[in-house]
$ cat target.txt   # compact mmCIF, C-alpha atoms
# COMPACT_ATOMS: atom_id res chain seq x y z
CA MET A 1148 0.00 0.00 0.00
CA PRO A 1149 2.74 2.61 0.77
CA LEU A 1150 4.29 2.04 -2.65
CA LEU A 1151 0.90 2.38 -4.35
CA LEU A 1152 0.40 5.70 -2.57
CA VAL A 1153 3.78 6.92 -3.84
CA LEU A 1154 2.85 5.89 -7.38
CA ALA A 1155 -0.49 7.68 -6.99
CA ALA A 1156 1.35 10.78 -5.76
CA VAL A 1157 3.65 10.75 -8.81
CA LEU A 1158 0.65 10.34 -11.11
CA LEU A 1159 -1.09 13.24 -9.36
CA LEU A 1160 2.05 15.34 -9.85
CA LEU A 1161 2.05 14.51 -13.57
CA LEU A 1162 -1.67 15.27 -13.83
CA LEU A 1163 -1.35 18.66 -12.14
CA ILE A 1164 1.65 19.75 -14.23
CA ILE A 1165 0.76 18.25 -17.63
CA VAL A 1166 -3.04 18.37 -17.76
CA PHE A 1167 -3.93 21.26 -15.47
CA LYS A 1168 -0.75 23.25 -16.27
CA LEU A 1169 -0.21 23.98 -12.58
CA ASN A 1170 3.03 25.69 -11.58
CA ALA A 1171 5.60 23.05 -10.56
CA PHE A 1172 6.12 24.53 -7.07
CA LEU A 1173 2.40 24.55 -6.34
CA ALA A 1174 2.09 21.01 -7.71
CA LEU A 1175 4.96 19.67 -5.59
CA VAL A 1176 3.66 21.18 -2.35
CA THR A 1177 0.09 20.04 -3.08
CA VAL A 1178 1.24 16.48 -3.77
CA ALA A 1179 3.43 16.50 -0.65
CA ILE A 1180 0.39 17.46 1.49
CA ALA A 1181 -1.83 14.86 -0.18
CA LEU A 1182 0.76 12.10 0.21
CA GLY A 1183 1.40 12.89 3.87
CA LEU A 1184 -2.30 12.83 4.73
CA ALA A 1185 -2.86 9.65 2.71
CA GLU A 1186 -0.01 7.97 4.60
CA GLY A 1187 -1.79 8.72 7.88
CA MET A 1188 0.41 11.57 9.11
CA PRO A 1189 -1.40 14.15 11.32
CA ALA A 1190 -2.05 17.43 9.52
CA LYS A 1191 0.30 19.42 11.79
CA VAL A 1192 3.07 16.88 11.26
CA VAL A 1193 2.60 17.13 7.49
CA LEU A 1194 2.91 20.91 7.67
CA SER A 1195 6.01 20.67 9.86
CA SER A 1196 7.55 18.10 7.51
CA ILE A 1197 6.98 20.35 4.48
CA GLN A 1198 8.50 23.36 6.23
CA THR A 1199 11.51 21.31 7.30
CA GLY A 1200 11.97 19.93 3.79
CA ILE A 1201 11.84 23.33 2.12
CA GLY A 1202 14.10 24.93 4.71
CA SER A 1203 16.75 22.21 4.72
CA MET A 1204 16.88 22.06 0.92
CA LEU A 1205 17.06 25.80 0.28
CA GLY A 1206 19.35 26.40 3.23
CA SER A 1207 21.97 24.21 1.60
CA ILE A 1208 21.90 25.56 -1.96
CA VAL A 1209 20.50 29.09 -2.01
CA MET A 1210 23.98 30.64 -1.71
CA ILE A 1211 25.37 28.54 -4.56
CA LEU A 1212 22.51 29.34 -6.92
CA GLY A 1213 22.36 33.00 -5.95
CA PHE A 1214 26.08 33.56 -6.42
CA GLY A 1215 25.91 31.58 -9.68
CA ALA A 1216 23.27 33.95 -11.05
CA MET A 1217 25.37 36.96 -10.04
CA LEU A 1218 28.49 35.55 -11.69
CA GLY A 1219 26.60 34.78 -14.90
CA SER A 1220 25.25 38.32 -15.09
CA LEU A 1221 28.69 39.86 -14.64
CA LEU A 1222 30.15 37.60 -17.33
CA ILE A 1223 27.42 38.54 -19.81
CA GLU A 1224 27.27 42.29 -19.22
CA SER A 1225 31.04 42.79 -19.22
CA GLY A 1226 31.59 41.14 -22.61
CA ALA A 1227 33.79 38.42 -21.06
CA VAL A 1228 31.73 35.65 -22.66
CA GLN A 1229 31.99 37.26 -26.09
CA ARG A 1230 35.76 37.66 -25.68
CA VAL A 1231 36.23 33.96 -24.82
CA THR A 1232 33.97 32.87 -27.68
CA TYR A 1233 35.67 34.94 -30.37
CA ARG A 1234 39.17 33.96 -29.24
CA LEU A 1235 38.35 30.25 -29.30
CA ILE A 1236 36.82 30.53 -32.76
CA ALA A 1237 39.86 32.43 -34.04
CA THR A 1238 42.21 29.86 -32.48
CA PHE A 1239 40.50 26.73 -33.78
CA GLY A 1240 39.73 28.03 -37.28
CA ILE A 1241 36.92 27.04 -39.63
CA LYS A 1242 38.11 23.44 -40.01
CA HIS A 1243 37.66 22.79 -36.28
CA ILE A 1244 34.89 25.29 -35.67
CA GLN A 1245 32.66 22.69 -33.97
CA TRP A 1246 35.24 22.12 -31.25
CA ALA A 1247 35.56 25.86 -30.66
CA VAL A 1248 31.79 26.25 -30.31
CA MET A 1249 31.56 23.14 -28.10
CA LEU A 1250 34.30 24.38 -25.78
CA THR A 1251 32.65 27.80 -25.63
CA GLY A 1252 29.34 26.22 -24.60
CA PHE A 1253 31.10 24.11 -21.98
CA LEU A 1254 33.01 27.02 -20.44
CA VAL A 1255 29.99 29.33 -20.44
CA GLY A 1256 27.67 26.54 -19.28
CA LEU A 1257 29.71 25.78 -16.15
CA PRO A 1258 28.69 28.94 -14.24
CA MET A 1259 25.55 29.87 -16.22
CA TYR A 1260 22.03 28.42 -16.41
CA TYR A 1261 21.07 26.61 -19.60
CA MET A 1262 18.52 29.10 -20.90
CA ALA A 1263 20.70 32.12 -20.13
CA GLY A 1264 23.67 30.53 -21.88
CA PHE A 1265 21.54 29.49 -24.86
CA VAL A 1266 20.00 32.92 -25.41
CA LEU A 1267 23.39 34.56 -24.95
CA LEU A 1268 25.35 32.36 -27.35
CA ILE A 1269 22.87 31.42 -30.07
CA PRO A 1270 23.27 34.72 -31.97
CA LEU A 1271 27.01 34.04 -32.03
CA VAL A 1272 26.28 30.62 -33.55
CA PHE A 1273 24.18 32.27 -36.25
CA ALA A 1274 27.00 34.72 -36.99
CA VAL A 1275 29.60 31.95 -37.18
CA ALA A 1276 27.42 29.79 -39.45
CA ALA A 1277 26.80 32.74 -41.78
CA SER A 1278 30.42 33.80 -42.00
CA THR A 1279 31.78 30.26 -42.53
CA ARG A 1280 28.85 29.12 -44.78
CA LEU A 1281 28.50 25.98 -42.67
CA PRO A 1282 25.09 24.34 -41.91
CA LEU A 1283 23.43 25.91 -38.88
CA LEU A 1284 22.89 22.65 -36.99
CA TYR A 1285 26.46 21.55 -37.71
CA VAL A 1286 27.64 24.61 -35.79
CA GLY A 1287 24.84 24.80 -33.24
CA LEU A 1288 24.43 21.25 -31.92
CA PRO A 1289 27.87 21.10 -30.22
CA LEU A 1290 26.99 24.28 -28.36
CA VAL A 1291 23.58 23.03 -27.23
CA ALA A 1292 24.98 19.64 -26.19
CA SER A 1293 27.58 21.35 -24.00
CA LEU A 1294 25.01 23.58 -22.32
CA SER A 1295 22.69 20.63 -21.75
CA VAL A 1296 25.38 18.44 -20.19
CA THR A 1297 26.60 21.13 -17.80
CA HIS A 1298 22.98 21.85 -16.84
CA GLY A 1299 22.12 18.21 -16.13
CA TYR A 1300 25.36 16.81 -14.69
CA LEU A 1301 27.41 19.49 -13.02
CA PRO A 1302 27.19 21.66 -9.92
CA PRO A 1303 26.59 24.53 -9.37
CA HIS A 1304 23.51 24.00 -11.57
CA PRO A 1305 20.21 23.61 -9.64
CA GLY A 1306 19.38 19.95 -10.30
CA PRO A 1307 22.79 18.36 -9.62
CA THR A 1308 23.45 20.66 -6.66
CA ALA A 1309 20.10 19.93 -5.03
CA ILE A 1310 20.49 16.17 -5.51
CA ALA A 1311 24.06 16.27 -4.16
CA VAL A 1312 22.78 17.99 -1.02
CA LEU A 1313 19.91 15.50 -0.77
CA PHE A 1314 22.22 12.49 -1.04
CA LYS A 1315 24.90 14.11 1.18
CA ALA A 1316 27.35 13.77 -1.70
CA ASP A 1317 30.56 15.79 -1.91
CA VAL A 1318 29.72 18.58 -4.37
CA SER A 1319 33.33 19.06 -5.49
CA LEU A 1320 33.80 15.33 -6.09
CA THR A 1321 30.49 15.24 -7.95
CA LEU A 1322 31.81 18.02 -10.18
CA LEU A 1323 35.06 16.12 -10.78
CA TYR A 1324 33.30 12.84 -11.68
CA GLY A 1325 30.80 14.80 -13.73
CA LEU A 1326 33.54 16.39 -15.82
CA VAL A 1327 34.96 12.94 -16.59
CA ILE A 1328 31.55 11.78 -17.85
CA ALA A 1329 30.60 15.06 -19.50
CA VAL A 1330 33.49 15.15 -21.99
CA PRO A 1331 32.56 12.00 -23.98
CA ALA A 1332 28.86 12.84 -23.70
CA VAL A 1333 29.37 16.27 -25.27
CA ILE A 1334 31.63 14.94 -28.02
CA ILE A 1335 29.22 12.17 -29.04
CA ALA A 1336 26.05 14.27 -28.83
CA GLY A 1337 27.69 17.34 -30.37
CA PRO A 1338 30.37 17.11 -33.09
CA VAL A 1339 29.78 13.41 -33.83
CA PHE A 1340 25.98 13.44 -33.95
CA SER A 1341 25.80 16.71 -35.91
CA ARG A 1342 27.48 14.98 -38.86
CA PHE A 1343 24.42 12.74 -39.22
CA VAL A 1344 21.85 15.56 -39.51
CA LYS A 1345 23.31 17.45 -42.48
CA ARG A 1346 20.09 16.85 -44.41
CA TYR A 1347 18.47 19.49 -42.19
CA ASN A 1348 19.69 22.94 -43.15
CA PRO A 1349 17.45 25.55 -41.50
CA THR A 1350 17.99 29.29 -41.66
CA PRO A 1351 17.90 31.52 -38.56
CA PRO A 1352 14.71 33.46 -37.81
CA PRO A 1353 14.89 36.91 -39.43
CA GLY A 1354 16.11 39.82 -37.35
CA LEU A 1355 17.90 37.78 -34.69
CA VAL A 1356 21.18 39.49 -33.77
CA LEU A 1357 23.46 39.75 -30.80
CA PRO A 1358 21.72 41.57 -27.92
CA LYS A 1359 24.87 43.68 -27.66
CA GLU A 1360 27.91 43.53 -29.91
CA PHE A 1361 30.90 44.61 -27.84
CA THR A 1362 33.79 46.35 -29.51
CA ASP A 1363 37.30 45.07 -28.86
CA ALA A 1364 38.01 48.01 -26.54
CA GLU A 1365 34.85 47.35 -24.52
CA MET A 1366 35.68 43.71 -23.76
CA PRO A 1367 38.11 42.57 -21.04
CA GLY A 1368 41.19 40.61 -22.08
CA PHE A 1369 40.99 36.92 -22.92
CA GLY A 1370 43.14 35.77 -20.01
CA ILE A 1371 41.19 37.57 -17.32
CA SER A 1372 37.87 36.59 -18.94
CA LEU A 1373 38.80 32.90 -19.02
CA LEU A 1374 40.16 32.99 -15.48
CA THR A 1375 36.96 34.57 -14.17
CA VAL A 1376 34.78 31.99 -15.95
CA LEU A 1377 36.81 29.10 -14.51
CA THR A 1378 37.42 30.45 -10.98
CA PRO A 1379 34.68 28.37 -9.24
CA VAL A 1380 35.74 25.19 -11.03
CA LEU A 1381 39.42 25.73 -10.18
CA LEU A 1382 38.67 26.42 -6.51
CA MET A 1383 36.53 23.29 -6.12
CA ALA A 1384 39.08 21.17 -8.00
CA VAL A 1385 41.85 22.34 -5.63
CA GLY A 1386 39.71 21.18 -2.72
CA VAL A 1387 39.37 17.69 -4.19
CA VAL A 1388 43.13 17.46 -4.74
CA ALA A 1389 43.83 18.64 -1.18
CA SER A 1390 41.46 16.05 0.30
CA LEU A 1391 43.32 13.31 -1.57
CA THR A 1392 46.89 14.43 -0.89
CA LEU A 1393 47.08 16.32 2.42
CA PRO A 1394 46.70 14.86 5.95
CA ALA A 1395 43.26 15.34 7.53
CA GLY A 1396 44.57 17.53 10.35
CA SER A 1397 46.79 19.70 8.17
CA PRO A 1398 46.18 23.46 8.59
CA ALA A 1399 46.77 23.92 4.86
CA ARG A 1400 44.09 21.35 4.05
CA GLN A 1401 41.61 23.02 6.40
CA VAL A 1402 42.15 26.40 4.71
CA ILE A 1403 41.88 24.89 1.22
CA GLU A 1404 38.73 22.94 2.13
CA PHE A 1405 37.17 26.17 3.42
CA ILE A 1406 37.82 28.22 0.29
CA SER A 1407 36.92 25.27 -1.97
CA ASP A 1408 33.55 24.72 -0.31
CA PRO A 1409 31.01 25.37 -3.12
CA ASN A 1410 29.35 28.23 -1.21
CA ILE A 1411 32.66 29.99 -0.51
CA ALA A 1412 34.04 29.16 -3.97
CA MET A 1413 31.05 30.81 -5.64
CA LEU A 1414 31.25 33.82 -3.30
CA LEU A 1415 34.95 34.28 -4.04
CA SER A 1416 34.22 33.92 -7.77
CA VAL A 1417 31.68 36.74 -7.59
CA VAL A 1418 34.18 38.92 -5.70
CA VAL A 1419 36.80 38.21 -8.38
CA ALA A 1420 34.29 39.05 -11.13
CA VAL A 1421 33.24 42.29 -9.42
CA LEU A 1422 36.88 43.38 -9.34
CA THR A 1423 38.10 42.08 -12.70
CA LEU A 1424 35.01 42.68 -14.83
CA GLY A 1425 33.48 45.61 -12.96
CA VAL A 1426 35.56 48.00 -10.88
CA ARG A 1427 38.78 47.36 -12.79
CA ARG A 1428 36.94 48.13 -16.05
CA GLY A 1429 35.94 51.58 -14.81
CA LYS A 1430 32.41 50.79 -13.63
CA SER A 1431 31.13 52.30 -10.40
CA MET A 1432 30.28 49.94 -7.56
CA LYS A 1433 26.64 51.03 -7.85
CA GLU A 1434 26.50 49.94 -11.51
CA VAL A 1435 28.02 46.57 -10.66
CA MET A 1436 25.69 46.01 -7.71
CA ASP A 1437 22.63 46.94 -9.79
CA SER A 1438 23.61 44.22 -12.24
CA VAL A 1439 24.17 41.72 -9.43
CA SER A 1440 20.84 42.52 -7.76
CA GLY A 1441 18.85 42.20 -10.97
CA SER A 1442 20.33 38.79 -11.76
CA VAL A 1443 18.85 37.12 -8.67
CA ALA A 1444 15.24 37.78 -9.71
CA GLY A 1445 15.61 35.29 -12.57
CA ILE A 1446 16.19 32.34 -10.25
CA ALA A 1447 13.33 32.97 -7.81
CA MET A 1448 11.01 30.36 -9.35
CA ILE A 1449 13.85 27.86 -9.68
CA LEU A 1450 14.48 28.17 -5.94
CA LEU A 1451 10.78 27.66 -5.16
CA ILE A 1452 10.60 24.54 -7.34
CA ILE A 1453 13.66 23.10 -5.62
CA GLY A 1454 12.09 23.90 -2.26
CA GLY A 1455 8.93 22.08 -3.37
CA GLY A 1456 11.05 19.06 -4.24
CA GLY A 1457 12.54 19.20 -0.75
CA ALA A 1458 9.04 19.24 0.75
CA LEU A 1459 8.02 16.08 -1.14
CA LYS A 1460 11.28 14.40 -0.18
CA GLN A 1461 10.76 15.14 3.52
CA VAL A 1462 7.22 13.76 3.50
CA LEU A 1463 8.52 10.56 1.88
CA VAL A 1464 11.08 10.28 4.69
CA ASP A 1465 8.89 11.26 7.65
CA SER A 1466 5.92 9.12 6.63
CA GLY A 1467 8.05 5.95 6.70
CA VAL A 1468 7.48 5.25 3.02
CA GLY A 1469 11.24 5.30 2.49
CA THR A 1470 11.80 2.23 4.62
CA TYR A 1471 9.16 0.31 2.68
CA ILE A 1472 10.60 1.39 -0.69
CA VAL A 1473 14.06 0.24 0.36
CA ALA A 1474 12.75 -3.21 1.22
CA GLN A 1475 10.84 -3.57 -2.05
CA PHE A 1476 13.58 -2.35 -4.38
CA ASN A 1477 16.24 -4.42 -2.65
CA ASN A 1478 14.28 -7.48 -3.76
CA LEU A 1479 14.61 -6.47 -7.42
CA HIS A 1480 18.40 -6.95 -7.44
CA LEU A 1481 18.71 -4.04 -9.87
CA SER A 1482 21.73 -1.76 -9.92
CA PRO A 1483 20.91 1.33 -7.81
CA LEU A 1484 22.55 3.48 -10.50
CA LEU A 1485 20.37 2.02 -13.24
CA MET A 1486 17.30 2.30 -11.02
CA ALA A 1487 18.03 5.98 -10.32
CA TRP A 1488 18.50 6.67 -14.03
CA LEU A 1489 15.26 4.85 -14.96
CA ILE A 1490 13.12 6.66 -12.39
CA ALA A 1491 14.49 10.06 -13.43
CA ALA A 1492 14.09 9.16 -17.12
CA ILE A 1493 10.44 8.11 -16.74
CA LEU A 1494 9.63 11.30 -14.82
CA ARG A 1495 11.49 13.44 -17.38
CA ILE A 1496 9.48 11.93 -20.26
CA CYS A 1497 6.22 12.46 -18.39
CA ILE A 1498 6.84 15.85 -16.79
CA GLY A 1499 9.21 17.60 -19.18
CA SER A 1500 11.17 19.56 -16.57
CA SER A 1501 14.58 18.01 -15.93
CA THR A 1502 14.88 19.79 -12.56
CA VAL A 1503 11.51 18.51 -11.30
CA ALA A 1504 12.27 15.01 -12.61
CA ALA A 1505 15.65 14.98 -10.84
CA LEU A 1506 14.25 16.25 -7.55
CA THR A 1507 11.37 13.78 -7.55
CA ALA A 1508 13.65 10.88 -8.45
CA GLY A 1509 16.05 12.00 -5.73
CA GLY A 1510 13.29 11.87 -3.14
CA VAL A 1511 12.31 8.35 -4.22
CA MET A 1512 15.93 7.12 -4.25
CA LEU A 1513 17.04 8.78 -1.01
CA PRO A 1514 16.17 5.80 1.25
CA LEU A 1515 18.39 3.53 -0.86
CA ILE A 1516 21.51 5.67 -0.42
CA GLY A 1517 22.32 4.26 2.99
CA THR A 1518 21.77 0.64 1.94
CA THR A 1519 24.14 0.53 -1.03
CA ALA A 1520 27.90 0.72 -1.42
CA VAL A 1521 27.55 2.95 -4.50
CA LYS A 1522 29.14 6.37 -4.07
CA PRO A 1523 26.47 9.07 -3.58
CA GLU A 1524 28.31 11.26 -6.11
CA LEU A 1525 27.66 8.65 -8.81
CA MET A 1526 24.02 8.41 -7.75
CA VAL A 1527 23.75 12.18 -8.28
CA LEU A 1528 25.14 11.80 -11.80
CA ALA A 1529 22.84 8.85 -12.59
CA VAL A 1530 19.80 10.90 -11.61
CA GLY A 1531 21.13 13.91 -13.56
CA ALA A 1532 21.70 11.83 -16.69
CA GLY A 1533 18.25 10.27 -16.46
CA SER A 1534 16.63 13.69 -16.11
CA LEU A 1535 17.87 14.70 -19.58
CA VAL A 1536 16.55 11.80 -21.65
CA CYS A 1537 14.07 12.14 -24.53
CA SER A 1538 13.04 15.78 -24.29
CA HIS A 1539 9.89 16.34 -26.36
CA VAL A 1540 6.85 18.60 -26.67
CA ASN A 1541 6.23 18.95 -22.91
CA ASP A 1542 9.67 20.51 -22.36
CA SER A 1543 10.21 24.24 -22.82
CA GLY A 1544 13.75 23.54 -24.07
CA PHE A 1545 12.26 21.60 -26.99
CA TRP A 1546 10.27 24.61 -28.17
CA VAL A 1547 13.11 27.10 -27.63
CA PHE A 1548 15.41 24.94 -29.78
CA LYS A 1549 12.70 24.49 -32.43
CA GLU A 1550 11.97 28.20 -32.76
CA TYR A 1551 15.56 29.48 -32.66
CA PHE A 1552 16.70 26.93 -35.23
CA ASN A 1553 13.56 27.38 -37.31
CA LEU A 1554 12.70 23.66 -37.46
CA THR A 1555 9.49 21.67 -37.82
CA ILE A 1556 8.36 19.42 -34.95
CA PRO A 1557 9.52 16.20 -36.71
CA GLN A 1558 12.89 17.83 -37.41
CA THR A 1559 13.20 18.91 -33.77
CA LEU A 1560 12.42 15.38 -32.61
CA ALA A 1561 15.09 14.03 -34.98
CA THR A 1562 17.74 16.50 -33.78
CA TRP A 1563 17.11 17.94 -30.31
CA THR A 1564 15.34 14.89 -28.84
CA VAL A 1565 17.95 12.46 -30.16
CA MET A 1566 20.77 14.71 -28.96
CA GLU A 1567 19.32 14.88 -25.42
CA THR A 1568 18.86 11.10 -25.37
CA LEU A 1569 22.46 10.56 -26.46
CA VAL A 1570 23.64 12.83 -23.65
CA SER A 1571 21.56 10.84 -21.16
CA VAL A 1572 22.56 7.36 -22.32
CA VAL A 1573 26.26 8.20 -22.58
CA GLY A 1574 25.99 9.64 -19.07
CA LEU A 1575 24.52 6.39 -17.76
CA VAL A 1576 27.26 4.33 -19.41
CA GLY A 1577 29.90 6.66 -17.99
CA VAL A 1578 28.46 6.37 -14.47
CA LEU A 1579 28.42 2.57 -14.67
CA LEU A 1580 32.03 2.50 -15.91
CA LEU A 1581 33.16 4.90 -13.19
CA ASN A 1582 31.43 2.77 -10.58
CA ALA A 1583 33.57 -0.17 -11.69
CA VAL A 1584 36.86 1.67 -11.19
CA VAL A 1585 36.41 4.13 -8.27

$ encode --input "target.txt" --output "structure tokens"
Amino acid sequence: MPLLLVLAAVLLLLLLIIVFKLNAFLALVTVAIALGLAEGMPAKVVLSSIQTGIGSMLGSIVMILGFGAMLGSLLIESGAVQRVTYRLIATFGIKHIQWAVMLTGFLVGLPMYYMAGFVLLIPLVFAVAASTRLPLLYVGLPLVASLSVTHGYLPPHPGPTAIAVLFKADVSLTLLYGLVIAVPAVIIAGPVFSRFVKRYNPTPPPGLVLPKEFTDAEMPGFGISLLTVLTPVLLMAVGVVASLTLPAGSPARQVIEFISDPNIAMLLSVVVAVLTLGVRRGKSMKEVMDSVSGSVAGIAMILLIIGGGGALKQVLVDSGVGTYIVAQFNNLHLSPLLMAWLIAAILRICIGSSTVAALTAGGVMLPLIGTTAVKPELMVLAVGAGSLVCSHVNDSGFWVFKEYFNLTIPQTLATWTVMETLVSVVGLVGVLLLNAVV
């Protein structure tokens, strides 16, 4: 009966989001209340559980996501992203233009949300395709694959970060493992796959240009731009190295672990960006802070949705359903990594939102974390990979790709949907291989 109630709760979540078009945060909280009451929890306990779930989830990630939004805004408005993009294209040349675009998407996608990175970089893709006379999808797919992988696999993006907190995984180690898996996923879904869709040769929608074309004098230098983009990744990577090489009680290790903590790493990255891309470029502190303040508004709904996922997770834990789920799934003798990927994949196909699918799958899988020898960091990546599979008409990303690349629905299914599925499947294979060697 407990498992049937969980299945009914998931179906109710799908119904509210897909059929009634209810906001994902409202749907998650409503389903959490319904599930708690159906499981026999007193109404006050349900309310307390929901508040605890939202608070514990947001308390752990709000700094990371907030600082990430600020960093992304500073990178965009300073011209740093444009500087990195143009330099990479000039370095790689037309013959290897796909690799330049792919690397650009990867570097920009690390600190920036998928949609922000897509809207920022897609005019550059159009300009590159026009100037090189190459097919639009041939140039564009490597970029989109990179942005998708960083969004689904890697902290500090909302889904992976929230699941890492949920599973008590090391965020820096998750990032390190994620980078190992992300590289082959991007290559296969980007440069390799794009060679098989040359029969589609769309033209960009008319009138679409760069939101702002920076002059050379307006942009910061390439070195400082690249360093600012990579600062959070470098800080977290140093922390992983220190944890593997320095003694536990070493003062140096304690200092490094403090500054490499994802919250502090993102804060320091924003401070670096304020200095290198703001004050040092002649902007007043008020101008820089206005940009920083405005950037946070864009992630408000993302934070609420993640909080709603935390509420549903906490009800699953407090109602005792988790213990029952553990017992039932242990009898299946299925790899926990494969199970996590399957649950996230099914929810992704049904719901559309990769973040909601990941959070819901994380709540279902949480009770299994303590009963398996699988590293929680790999479980995070399995859920993240599953949450990207088979994007179709119920996903906003599907329609954004369709409209920007001026494709029909069948063409979008044959390009975008296949690309997302490749990213997901390669991610699963990578997680399984990593699990065999780490």

$ closest_residue --input "target.txt" --among "A:Ala1174, A:Ala1292, A:Met1366, A:Leu1322" --to "Thr1568 in chain A" --atoms "only C-alpha atoms"
A:Ala1292

$ closest_residue --input "target.txt" --among "A:Ala1276, A:Pro1523, A:Ile1335, A:Leu1381" --to "Leu1313 in chain A" --atoms "all atoms listed in the file"
A:Pro1523

$ closest_residue --input "target.txt" --among "A:Gly1337, A:Gly1396, A:Gly1252, A:Gly1202" --to "Gly1456 in chain A" --atoms "all atoms listed in the file"
A:Gly1202

$ closest_residue --input "target.txt" --among "A:Leu1288, A:Ala1583, A:Val1318, A:Leu1154" --to "Ala1520 in chain A" --atoms "only C-alpha atoms"
A:Ala1583

$ closest_residue --input "target.txt" --among "A:Glu1186, A:Glu1524, A:Asp1437, A:Glu1360" --to "Val1421 in chain A" --atoms "only C-alpha atoms"
A:Asp1437

$ residues_around --input "target.txt" --residues "range 1491-1500 of chain A" --least-positions-apart "3" --cutoff "6 Å" --atoms "only C-alpha atoms" --output "list in words"
Leu1161, Trp1488, Val1503, Ala1504, Ala1505, Ala1508, Val1530, Gly1533, Ser1534, Val1536, Asn1541 and Asp1542 of chain A

$ closest_residue --input "target.txt" --among "A:Gly1287, A:Gly1531, A:Pro1149, A:Gly1425" --to "Tyr1551 in chain A" --atoms "all atoms listed in the file"
A:Gly1287

$ axis_aligned_box --input "target.txt" --around "range 1196-1204 of chain A" --padding-each-side "4 Å" --output "JSON"
{"center_x": 11.9, "center_y": 21.5, "center_z": 4.2, "size_x": 17.9, "size_y": 14.8, "size_z": 14.6}

$ residues_around --input "target.txt" --residues "Leu1484 in chain A" --least-positions-apart "2" --cutoff "9 Å" --atoms "all atoms listed in the file" --output "list in words"
Leu1481, Ser1482, Met1486, Ala1487, Trp1488, Leu1489, Val1521, Leu1525, Met1526, Leu1528, Ala1529, Val1530, Leu1575, Val1578, Leu1579 and Asn1582 of chain A

$ residues_around --input "target.txt" --residues "range 1544-1548 of chain A" --least-positions-apart "4" --cutoff "12 Å" --atoms "only C-alpha atoms" --output "ChimeraX atom specification"
/A:1261-1263,1265-1266,1269,1284,1287-1288,1290-1292,1294-1295,1298,1349,1351-1352,1499-1501,1535-1540,1552-1567

$ residues_around --input "target.txt" --residues "Phe1172 in chain A" --least-positions-apart "5" --cutoff "10 Å" --atoms "all atoms listed in the file" --output "list in words"
Ile1164, Thr1177, Val1178, Met1448, Ile1449, Leu1450, Leu1451, Ile1452, Ile1453, Gly1454, Gly1455, Gly1456, Ala1458 and Val1503 of chain A

$ residues_around --input "target.txt" --residues "Thr1232 in chain A" --least-positions-apart "5" --cutoff "8 Å" --atoms "all atoms listed in the file" --output "list in words"
Ala1247, Val1248 and Thr1251 of chain A

$ atom_distance --input "target.txt" --atom1 "CA of Gln1245 in chain A" --atom2 "CA of Ile1371 in chain A"
23.9 Å

$ atom_distance --input "target.txt" --atom1 "CA of Ile1328 in chain A" --atom2 "CA of Ile1241 in chain A"
27.1 Å

$ atom_distance --input "target.txt" --atom1 "CA of Gly1457 in chain A" --atom2 "CA of Ala1384 in chain A"
27.6 Å

$ build_atoms --input "target.txt" --residues "range 1187-1194 of chain A" --atoms "N, CA, C and O atoms" --output "compact mmCIF listing (two decimals), keeping the file's coordinate frame"
# COMPACT_ATOMS: atom_id res chain seq x y z
N GLY A 1187 -1.33 8.75 6.50
CA GLY A 1187 -1.79 8.72 7.88
C GLY A 1187 -1.07 9.67 8.81
O GLY A 1187 -1.23 9.60 10.03
N MET A 1188 -0.27 10.59 8.26
CA MET A 1188 0.41 11.57 9.11
C MET A 1188 -0.59 12.63 9.59
O MET A 1188 -1.44 13.07 8.80
N PRO A 1189 -0.54 13.05 10.85
CA PRO A 1189 -1.40 14.15 11.32
C PRO A 1189 -1.14 15.42 10.51
O PRO A 1189 -0.01 15.65 10.06
N ALA A 1190 -2.16 16.24 10.36
CA ALA A 1190 -2.05 17.43 9.52
C ALA A 1190 -0.92 18.35 9.97
O ALA A 1190 -0.16 18.88 9.15
N LYS A 1191 -0.77 18.54 11.30
CA LYS A 1191 0.30 19.42 11.79
C LYS A 1191 1.68 18.84 11.50
O LYS A 1191 2.63 19.58 11.22
N VAL A 1192 1.80 17.53 11.54
CA VAL A 1192 3.07 16.88 11.26
C VAL A 1192 3.42 17.03 9.78
O VAL A 1192 4.58 17.24 9.41
N VAL A 1193 2.39 16.93 8.92
CA VAL A 1193 2.60 17.13 7.49
C VAL A 1193 3.13 18.53 7.23
O VAL A 1193 4.11 18.73 6.48
N LEU A 1194 2.49 19.52 7.85
CA LEU A 1194 2.91 20.91 7.67
C LEU A 1194 4.34 21.12 8.15
O LEU A 1194 5.16 21.74 7.47
